[in-house]
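A.B. asks: mmCIF, C-alpha atoms, saved as protein.cif, coming up:
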data_structure
#
loop_
_atom_site.label_atom_id
_atom_site.label_comp_id
_atom_site.auth_asym_id
_atom_site.auth_seq_id
_atom_site.Cartn_x
_atom_site.Cartn_y
_atom_site.Cartn_z
CA MET A 1169 0.00 0.00 0.00
CA GLU A 1170 1.22 3.49 -0.85
CA LEU A 1171 2.49 5.60 1.99
CA GLU A 1172 -0.30 8.17 1.68
CA ALA A 1173 -2.94 5.45 1.55
CA ARG A 1174 -1.63 4.00 4.80
CA ILE A 1175 -1.69 7.46 6.41
CA LEU A 1176 -5.28 7.88 5.23
CA LYS A 1177 -6.10 4.51 6.74
CA VAL A 1178 -4.86 5.77 10.11
CA LEU A 1179 -6.75 9.04 9.66
CA ASN A 1180 -9.96 7.20 8.80
CA SER A 1181 -9.64 5.01 11.85
CA ILE A 1182 -9.35 8.12 14.04
CA THR A 1183 -12.14 10.10 12.39
CA LYS A 1184 -14.25 6.94 12.08
CA LYS A 1185 -15.29 7.86 8.54
CA GLU A 1186 -13.91 7.77 5.02
CA VAL A 1187 -12.17 11.10 4.42
CA SER A 1188 -10.04 12.31 1.56
CA PRO A 1189 -8.50 15.70 2.37
CA GLY A 1190 -6.30 17.37 -0.22
CA SER A 1191 -2.59 16.91 0.24
CA GLU A 1192 -2.17 20.51 1.39
CA ASP A 1193 -5.45 20.85 3.29
CA SER A 1194 -5.04 21.49 7.00
CA LEU A 1195 -6.31 18.53 8.98
CA PHE A 1196 -7.05 20.96 11.81
CA VAL A 1197 -8.77 23.80 9.98
CA SER A 1198 -10.87 21.25 8.10
CA GLY A 1199 -12.09 19.95 11.44
CA LEU A 1200 -10.85 16.40 10.86
CA LEU A 1201 -8.54 16.44 13.87
CA ASP A 1202 -8.96 18.28 17.16
CA SER A 1203 -6.24 18.34 19.82
CA PHE A 1204 -7.07 14.96 21.26
CA ALA A 1205 -7.73 13.25 17.94
CA LEU A 1206 -4.28 14.48 16.93
CA THR A 1207 -2.71 12.56 19.83
CA ASP A 1208 -4.52 9.44 18.64
CA PHE A 1209 -3.43 10.09 15.06
CA VAL A 1210 0.22 10.34 16.09
CA ALA A 1211 -0.06 7.14 18.11
CA GLY A 1212 -1.75 5.49 15.12
CA LEU A 1213 1.12 6.49 12.84
CA GLU A 1214 3.58 4.90 15.27
CA ASP A 1215 1.61 1.67 15.23
CA GLU A 1216 0.99 1.61 11.46
CA PHE A 1217 4.57 2.30 10.46
CA GLY A 1218 6.41 0.78 13.42
CA ILE A 1219 8.14 4.06 14.20
CA ALA A 1220 8.76 5.88 17.46
CA ILE A 1221 7.94 9.59 17.37
CA PRO A 1222 10.10 11.31 19.99
CA ASP A 1223 8.90 14.14 22.23
CA SER A 1224 11.06 16.54 20.26
CA ASP A 1225 8.87 15.91 17.20
CA LEU A 1226 5.56 16.34 19.02
CA SER A 1227 4.62 19.56 17.30
CA ALA A 1228 1.23 19.91 15.64
CA ARG A 1229 2.91 21.73 12.76
CA LYS A 1230 4.57 18.50 11.67
CA PHE A 1231 1.20 16.79 11.26
CA ASP A 1232 -0.92 19.59 9.82
CA THR A 1233 -1.34 18.23 6.26
CA LEU A 1234 -1.04 14.88 4.50
CA ASN A 1235 2.04 16.16 2.69
CA LYS A 1236 3.73 17.09 5.96
CA VAL A 1237 2.82 13.75 7.52
CA SER A 1238 4.09 11.90 4.46
CA ALA A 1239 7.37 13.77 4.52
CA TYR A 1240 7.80 13.13 8.23
CA VAL A 1241 7.01 9.41 8.04
CA SER A 1242 9.22 9.01 4.97
CA ALA A 1243 12.13 10.58 6.82
CA LYS A 1244 11.54 8.32 9.83
CA LEU A 1245 11.44 5.23 7.63
CA GLY A 1246 14.68 6.31 6.00
CA MET B 828 11.01 14.06 55.99
CA SER B 829 8.28 16.60 55.30
CA PHE B 830 4.51 16.65 55.51
CA LEU B 831 1.54 18.27 53.84
CA ARG B 832 0.04 20.16 56.77
CA ALA B 833 -2.70 22.28 55.21
CA PHE B 834 -3.93 23.92 52.05
CA GLY B 835 -5.65 27.24 51.45
CA SER B 836 -7.12 29.23 48.59
CA HIS B 837 -8.66 32.47 47.52
CA LEU B 838 -10.88 33.16 44.52
CA PRO B 839 -11.91 36.66 43.44
CA GLU B 840 -15.66 37.26 43.76
CA HIS B 841 -16.34 38.31 40.16
CA ARG B 842 -17.70 35.33 38.21
CA VAL B 843 -17.42 35.39 34.43
CA GLY B 844 -19.64 32.86 32.70
CA ASN B 845 -19.17 31.54 29.20
CA ALA B 846 -22.12 33.59 27.97
CA GLU B 847 -20.28 36.76 28.97
CA ILE B 848 -17.21 36.06 26.85
CA ALA B 849 -18.53 33.84 24.06
CA ALA B 850 -19.66 36.69 21.84
CA LEU B 851 -16.41 38.57 22.37
CA VAL B 852 -14.36 35.63 21.09
CA GLY B 853 -16.82 34.64 18.36
CA THR B 854 -18.20 31.38 19.68
CA THR B 855 -20.95 29.92 21.85
CA PRO B 856 -21.01 29.07 25.55
CA GLU B 857 -21.62 25.43 24.63
CA TRP B 858 -18.49 25.27 22.48
CA ILE B 859 -16.37 26.48 25.38
CA VAL B 860 -17.74 23.70 27.59
CA ASP B 861 -17.18 21.11 24.84
CA VAL B 862 -13.53 21.92 24.26
CA SER B 863 -12.51 22.66 27.84
CA GLY B 864 -15.11 21.63 30.42
CA ILE B 865 -15.09 25.22 31.71
CA GLU B 866 -18.41 26.87 32.59
CA GLU B 867 -17.17 29.97 34.37
CA ARG B 868 -14.02 31.56 35.76
CA ARG B 869 -13.19 34.31 38.24
CA TYR B 870 -11.62 37.61 37.26
CA ALA B 871 -9.78 39.76 39.77
CA ALA B 872 -10.90 43.28 40.57
CA ASP B 873 -8.89 46.22 39.26
CA SER B 874 -7.62 46.83 42.77
CA ASP B 875 -6.28 43.26 43.13
CA THR B 876 -2.66 42.38 42.49
CA VAL B 877 -0.97 39.01 42.03
CA ALA B 878 0.54 39.52 45.48
CA SER B 879 -2.71 40.58 47.18
CA VAL B 880 -4.61 37.58 45.81
CA GLY B 881 -1.77 35.31 46.90
CA LEU B 882 -1.66 36.88 50.33
CA GLN B 883 -5.29 35.99 50.96
CA ALA B 884 -4.65 32.36 50.01
CA ALA B 885 -1.58 32.36 52.28
CA GLN B 886 -3.63 33.67 55.20
CA ASN B 887 -6.35 31.12 54.53
CA CYS B 888 -3.78 28.32 54.52
CA LEU B 889 -2.23 29.44 57.80
CA ALA B 890 -5.70 29.65 59.36
CA ASN B 891 -6.53 26.13 58.13
CA ALA B 892 -3.26 24.90 59.66
CA GLY B 893 -3.80 26.72 62.93
CA ALA B 894 -0.39 28.27 62.33
CA THR B 895 1.00 31.79 62.46
CA ALA B 896 3.26 33.50 59.98
CA ALA B 897 5.92 33.77 62.67
CA GLU B 898 6.36 29.98 62.52
CA LEU B 899 7.37 30.04 58.86
CA GLY B 900 10.93 29.31 57.88
CA MET B 901 10.47 30.18 54.25
CA ILE B 902 7.93 31.31 51.65
CA MET B 903 7.77 30.39 47.97
CA VAL B 904 5.42 32.17 45.58
CA ALA B 905 4.82 30.72 42.12
CA SER B 906 3.34 32.91 39.42
CA GLY B 907 3.51 33.23 35.68
CA SER B 908 1.38 36.36 35.53
CA ALA B 909 3.22 38.62 37.97
CA PRO B 910 3.63 41.99 36.24
CA ARG B 911 7.17 42.46 37.50
CA LEU B 912 9.98 39.94 37.26
CA CYS B 913 12.14 41.32 40.02
CA PRO B 914 11.24 41.64 42.74
CA GLY B 915 8.33 39.32 42.18
CA PRO B 916 5.34 38.87 44.46
CA ALA B 917 7.07 36.68 47.06
CA SER B 918 8.52 39.54 49.07
CA GLN B 919 5.19 41.38 48.99
CA VAL B 920 3.34 38.31 50.27
CA ALA B 921 5.89 37.99 53.06
CA THR B 922 5.47 41.65 53.96
CA GLY B 923 1.72 41.23 53.92
CA LEU B 924 2.07 38.41 56.42
CA GLY B 925 4.01 40.77 58.68
CA LEU B 926 7.38 39.15 58.08
CA ALA B 927 10.48 41.31 57.84
CA SER B 928 13.30 38.79 57.44
CA THR B 929 11.84 35.40 56.50
CA PHE B 930 13.30 34.26 53.18
CA ALA B 931 10.77 34.61 50.35
CA LEU B 932 11.54 33.09 46.96
CA ASP B 933 9.79 33.70 43.66
CA ILE B 934 9.13 30.82 41.28
CA PRO B 935 8.28 32.51 37.97
CA VAL B 936 6.78 29.39 36.44
CA ALA B 937 3.21 29.27 35.14
CA SER B 938 1.11 26.13 35.51
CA CYS B 939 3.68 23.86 37.16
CA GLY B 940 5.08 26.46 39.58
CA SER B 941 3.18 25.41 42.68
CA LEU B 942 4.06 21.73 42.19
CA ILE B 943 7.70 22.75 41.87
CA GLY B 944 7.31 24.76 45.06
CA VAL B 945 5.81 21.93 47.08
CA ALA B 946 8.43 19.45 45.81
CA LEU B 947 11.28 21.79 46.70
CA ALA B 948 9.66 22.71 50.01
CA ALA B 949 9.69 19.04 50.98
CA GLU B 950 13.47 19.10 50.67
CA LEU B 951 13.96 22.49 52.30
CA ALA B 952 11.55 22.32 55.23
CA PRO B 953 13.87 20.14 57.37
CA ARG B 954 16.55 22.82 56.91
CA TYR B 955 14.52 26.05 57.13
CA GLY B 956 11.38 25.06 59.03
CA PRO B 957 7.78 25.19 57.76
CA VAL B 958 7.58 26.39 54.15
CA LEU B 959 4.50 28.18 52.85
CA VAL B 960 4.05 27.62 49.11
CA VAL B 961 1.69 29.94 47.23
CA GLY B 962 0.55 29.81 43.61
CA THR B 963 -1.11 33.07 42.57
CA GLU B 964 -2.27 34.29 39.20
CA ILE B 965 -4.20 37.06 37.51
CA MET B 966 -4.32 35.43 34.12
CA SER B 967 -7.19 37.67 32.96
CA ARG B 968 -4.59 40.40 32.45
CA CYS B 969 -2.53 38.13 30.17
CA ILE B 970 -5.28 37.36 27.67
CA GLU B 971 -7.22 39.20 24.99
CA LEU B 972 -10.87 38.36 24.53
CA THR B 973 -10.84 38.48 20.74
CA PRO B 974 -11.72 35.91 18.06
CA GLU B 975 -8.04 35.64 17.13
CA SER B 976 -7.09 34.49 20.63
CA ARG B 977 -10.24 32.50 21.31
CA ASP B 978 -8.63 29.11 21.83
CA THR B 979 -6.44 30.47 24.61
CA SER B 980 -8.43 33.26 26.20
CA ILE B 981 -11.50 31.18 27.05
CA LEU B 982 -9.45 28.93 29.32
CA PHE B 983 -8.03 31.21 31.95
CA GLY B 984 -9.17 32.59 35.27
CA ASP B 985 -7.72 34.21 38.37
CA GLY B 986 -7.09 32.89 41.86
CA ALA B 987 -4.55 31.65 44.36
CA GLY B 988 -3.81 28.49 46.29
CA ALA B 989 -1.42 27.71 49.10
CA CYS B 990 0.15 24.76 50.88
CA LEU B 991 2.00 24.58 54.18
CA VAL B 992 4.81 22.03 54.11
CA ASP B 993 5.94 21.13 57.61
CA PRO B 994 9.06 19.21 58.68
CA SER B 995 7.43 17.55 61.66
CA SER B 996 3.69 17.00 61.24
CA GLY B 997 0.80 16.98 58.80
CA PHE B 998 -1.94 14.80 57.35
CA ALA B 999 0.31 13.25 54.68
CA ARG B 1000 4.01 12.50 54.40
CA ILE B 1001 5.65 13.65 51.19
CA ALA B 1002 7.32 10.45 50.03
CA ASP B 1003 8.76 11.32 46.62
CA SER B 1004 8.59 13.66 43.68
CA ILE B 1005 9.86 13.99 40.12
CA LEU B 1006 10.37 17.34 38.40
CA SER B 1007 11.26 17.61 34.72
CA THR B 1008 11.99 20.30 32.13
CA ASP B 1009 12.11 20.21 28.32
CA GLY B 1010 13.21 23.56 26.96
CA ALA B 1011 13.17 22.37 23.36
CA SER B 1012 9.42 23.01 23.30
CA ALA B 1013 9.52 26.25 25.27
CA GLU B 1014 7.98 28.28 22.47
CA ILE B 1015 4.68 26.40 22.39
CA LEU B 1016 3.51 27.87 25.70
CA LYS B 1017 4.82 31.15 27.01
CA ILE B 1018 3.93 34.41 28.71
CA GLU B 1019 5.85 37.18 27.06
CA ASN B 1020 5.40 40.94 27.45
CA GLY B 1021 2.38 40.27 29.60
CA ARG B 1022 0.56 38.14 27.02
CA ILE B 1023 0.12 34.38 26.99
CA ALA B 1024 0.72 32.56 23.71
CA MET B 1025 -0.07 28.90 23.33
CA GLU B 1026 0.00 26.35 20.52
CA GLY B 1027 -2.76 24.34 22.11
CA ARG B 1028 -2.52 21.24 19.92
CA SER B 1029 1.22 20.90 20.52
CA VAL B 1030 0.77 21.44 24.25
CA ILE B 1031 -1.80 18.66 24.39
CA LEU B 1032 0.46 16.37 22.33
CA GLN B 1033 3.30 16.92 24.77
CA ALA B 1034 1.17 16.66 27.91
CA VAL B 1035 -0.59 13.46 26.86
CA ARG B 1036 2.82 11.80 26.49
CA LYS B 1037 4.77 13.33 29.36
CA MET B 1038 2.23 13.22 32.17
CA PRO B 1039 1.37 9.50 32.16
CA ARG B 1040 5.07 8.73 31.75
CA VAL B 1041 6.14 10.69 34.84
CA LEU B 1042 3.21 9.39 36.88
CA ASN B 1043 4.03 5.79 36.00
CA GLU B 1044 7.69 6.37 36.84
CA LEU B 1045 6.82 7.89 40.22
CA LEU B 1046 4.49 5.03 41.11
CA ALA B 1047 6.83 2.31 39.88
CA ARG B 1048 9.83 3.49 41.85
CA ASN B 1049 7.65 3.56 44.96
CA HIS B 1050 6.32 0.05 44.28
CA LEU B 1051 2.78 1.27 43.75
CA THR B 1052 0.25 0.70 41.00
CA ALA B 1053 -2.08 3.31 39.53
CA ALA B 1054 -4.97 1.51 41.23
CA GLU B 1055 -3.71 2.38 44.71
CA PRO B 1056 -3.86 6.20 45.11
CA VAL B 1057 -7.10 7.31 46.71
CA ALA B 1058 -7.00 10.71 45.03
CA TRP B 1059 -5.28 12.38 42.09
CA LEU B 1060 -4.88 16.15 42.08
CA MET B 1061 -3.87 17.56 38.70
CA HIS B 1062 -3.26 21.04 37.36
CA GLN B 1063 -6.70 22.11 36.18
CA ALA B 1064 -5.84 22.98 32.59
CA ASN B 1065 -8.50 21.23 30.55
CA LEU B 1066 -11.08 18.64 31.53
CA ASN B 1067 -10.44 16.60 28.41
CA LEU B 1068 -6.73 16.47 29.24
CA ILE B 1069 -7.40 15.32 32.80
CA MET B 1070 -9.69 12.58 31.53
CA ARG B 1071 -7.17 11.54 28.87
CA VAL B 1072 -4.41 11.16 31.47
CA ALA B 1073 -6.82 9.22 33.69
CA GLN B 1074 -7.60 6.87 30.80
CA SER B 1075 -3.93 6.39 30.01
CA LEU B 1076 -3.34 5.24 33.58
CA LYS B 1077 -6.59 3.26 33.69
CA VAL B 1078 -7.64 5.14 36.81
CA PRO B 1079 -11.37 5.71 37.32
CA GLU B 1080 -12.33 9.31 36.54
CA GLU B 1081 -13.96 9.77 39.93
CA ARG B 1082 -10.59 9.56 41.65
CA TRP B 1083 -9.46 12.73 39.89
CA PHE B 1084 -10.56 15.85 41.72
CA VAL B 1085 -11.90 18.37 39.23
CA ASN B 1086 -13.08 21.94 39.87
CA LEU B 1087 -12.19 23.29 36.45
CA ALA B 1088 -15.79 24.01 35.50
CA ARG B 1089 -16.02 26.74 38.12
CA TYR B 1090 -12.61 28.40 37.91
CA GLY B 1091 -11.10 27.61 34.51
CA ASN B 1092 -7.35 27.30 34.26
CA THR B 1093 -5.77 29.40 37.00
CA SER B 1094 -2.27 28.35 35.93
CA SER B 1095 0.10 27.80 38.86
CA ALA B 1096 -2.72 28.46 41.34
CA SER B 1097 -4.96 25.68 40.09
CA LEU B 1098 -3.24 22.70 41.68
CA LEU B 1099 -3.38 24.16 45.18
CA ILE B 1100 -6.91 25.54 44.78
CA ALA B 1101 -7.96 22.02 43.80
CA ALA B 1102 -5.97 20.56 46.70
CA ASP B 1103 -7.67 22.91 49.16
CA GLU B 1104 -11.14 22.06 47.92
CA TRP B 1105 -10.32 18.34 47.86
CA ARG B 1106 -9.04 18.48 51.45
CA ASN B 1107 -12.08 20.43 52.63
CA ALA B 1108 -14.28 17.74 51.10
CA ASN B 1109 -12.11 14.94 52.55
CA PRO B 1110 -11.02 16.06 56.04
CA ASP B 1111 -10.62 12.54 57.43
CA PRO B 1112 -7.20 10.92 57.81
CA LEU B 1113 -5.73 10.02 54.44
CA ALA B 1114 -6.71 6.43 53.57
CA GLY B 1115 -4.04 5.80 50.93
CA PRO B 1116 -1.54 7.40 48.57
CA LEU B 1117 -2.22 10.89 47.23
CA VAL B 1118 -0.75 12.09 43.92
CA LEU B 1119 -0.26 15.67 42.76
CA THR B 1120 0.76 16.41 39.19
CA ALA B 1121 1.15 19.36 36.83
CA PHE B 1122 2.34 20.31 33.36
CA GLY B 1123 2.93 23.64 31.73
CA ALA B 1124 5.16 26.36 30.38
CA GLY B 1125 8.83 25.59 30.18
CA LEU B 1126 7.97 22.94 29.42
CA ASN B 1127 7.95 21.94 33.08
CA TRP B 1128 6.07 18.98 34.47
CA GLY B 1129 6.21 16.58 37.35
CA ALA B 1130 4.47 14.55 40.00
CA LEU B 1131 4.53 14.24 43.77
CA LEU B 1132 3.54 11.32 45.97
CA ALA B 1133 2.24 11.72 49.51
CA LEU B 1134 1.38 8.87 51.86
CA PRO B 1135 -0.72 8.68 55.01
CA ALA B 1136 1.22 10.24 57.88
#
Let me see the file written as structure tokens.
C.D. replies:
Amino acid sequence: MELEARILKVLNSITKKEVSPGSEDSLFVSGLLDSFALTDFVAGLEDEFGIAIPDSDLSARKFDTLNKVSAYVSAKLG
Amino acid sequence: MSFLRAFGSHLPEHRVGNAEIAALVGTTPEWIVDVSGIEERRYAADSDTVASVGLQAAQNCLANAGATAAELGMIMVASGSAPRLCPGPASQVATGLGLASTFALDIPVASCGSLIGVALAAELAPRYGPVLVVGTEIMSRCIELTPESRDTSILFGDGAGACLVDPSSGFARIADSILSTDGASAEILKIENGRIAMEGRSVILQAVRKMPRVLNELLARNHLTAAEPVAWLMHQANLNLIMRVAQSLKVPEERWFVNLARYGNTSSASLLIAADEWRNANPDPLAGPLVLTAFGAGLNWGALLALPA
């Protein structure tokens, strides 16, 4: 499965609905993720990709759009 | 060894309900409750100062302890909203208590400041004598009730709390504490030039990770499980955050004392205001471990364990 599709899978599991935001759409401004759903989303990314997201990366700005999330996860996966 | 001897608090009389501020920040009273659990907060009068509000909590605490200011070996005053950095409100609180030479130390740390004070007081009380810790805030002067600052401004209120830490007696023995700081995320929550700025989502991300971690560490190194404390007192920042931390630890929500709905987030004052109200509602001898915890600007966070005396 493509990286972005796997990220969407995590997002859908958090929002509990099928969503398809644009790559540059803010997940926050669009109302898909509030503060607490964001914590679940980050935890879901760790589980889905088998990565550990350190405290130093726990900034909402890193997870604001699908493009930003893709870039972050790609970098973590090396 | 040191003990929690008594708590005290003071809340300004002026109540500000969600309906009063909702229109100013472009939302509804119901939305404020949904995102924060806050129904109203107190705002200080124009004549109040951070020191004067703190002084009343200090006096209330001494009265609850049956103690006099002359017995104090030291005073600590935590505040993130004090209008002047140096000297801060500590010396004014000491003067207000009629003390002319008792050491009074400022802790200019919002949110976590009173926890830091109590943890340090536990170490210092055997050396200096009883330590009075005060957390006092007039956060209403650090916010702007505008749509642009809605997410932050709806949260805060004014008030003060206090705790007397005694080296020889009290209702609970302070057994252990952990204090932590992570300056790498300092910019996400700060009070600068008299205005609070907060990246709320990032703060929640950090708190949801750091708080359960420090609480589990504190319990584990004292050979306790999360099921054992009889009460959990947490900085009253956001009801949803308190419940999320409770869920992480698998602790029933009813063990977490919550008064956030009535006072909002009073920053460093909130932990000791909550402690005072919890103690007033539970005046009997402590039946088991008691946990205090806080998180906030710095980032600073930590936890403190007290056991039946």
A.B. asks: Could you pull the residues within 12 Å of A:Ser1242, counting only C-alpha atoms, minus those fewer than 4 positions along the same chain, as a list of chain:residue names?
C.D. replies: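 Result of the neighbour search: A:Glu1170, A:Leu1171, A:Glu1172, A:Arg1174, A:Ile1175, A:Leu1213, A:Phe1217, A:Ile1219, A:Leu1234, A:Asn1235, A:Lys1236, A:Val1237, A:Ser1238, A:Gly1246.
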A.B. asks: Given all atoms listed in the file as the basis, pick out the residue of A:Ala1239, A:Val1187, A:Ala1228, A:Val1178 nearest to chain B.
C.D. replies: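 Checking each candidate against chain B, we get A:Ala1228 as the closest.
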A.B. asks: Written as a list in words, what is the full residue list that the PyMOL selection byres ((chain B and resi 828-831) around 7) yields on the file shown?
C.D. replies: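 What the PyMOL selection byres ((chain B and resi 828-831) around 7) grabs from the file is Arg832, Ala833, Ala949, Ala952, Pro953, Leu991, Val992, Asp993, Pro994, Ser995, Ser996, Gly997, Phe998, Ala999, Arg1000 and Ile1001 of chain B.
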A.B. asks: Using all atoms listed in the file, which residue out of B:Pro957, B:Pro910, B:Pro1056, B:Gly853 lies closest to B:Pro1079?
C.D. replies: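 Checking each of B:Pro957, B:Pro910, B:Pro1056, B:Gly853 against B:Pro1079, counting all atoms listed in the file, the winner is B:Pro1056.
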A.B. asks: By how many Å are atom CA of A:Pro1189 and atom CA of A:Gly1212 apart?
C.D. replies: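 Atom CA of A:Gly1212 lies at a distance of 17.7 Å from atom CA of A:Pro1189.
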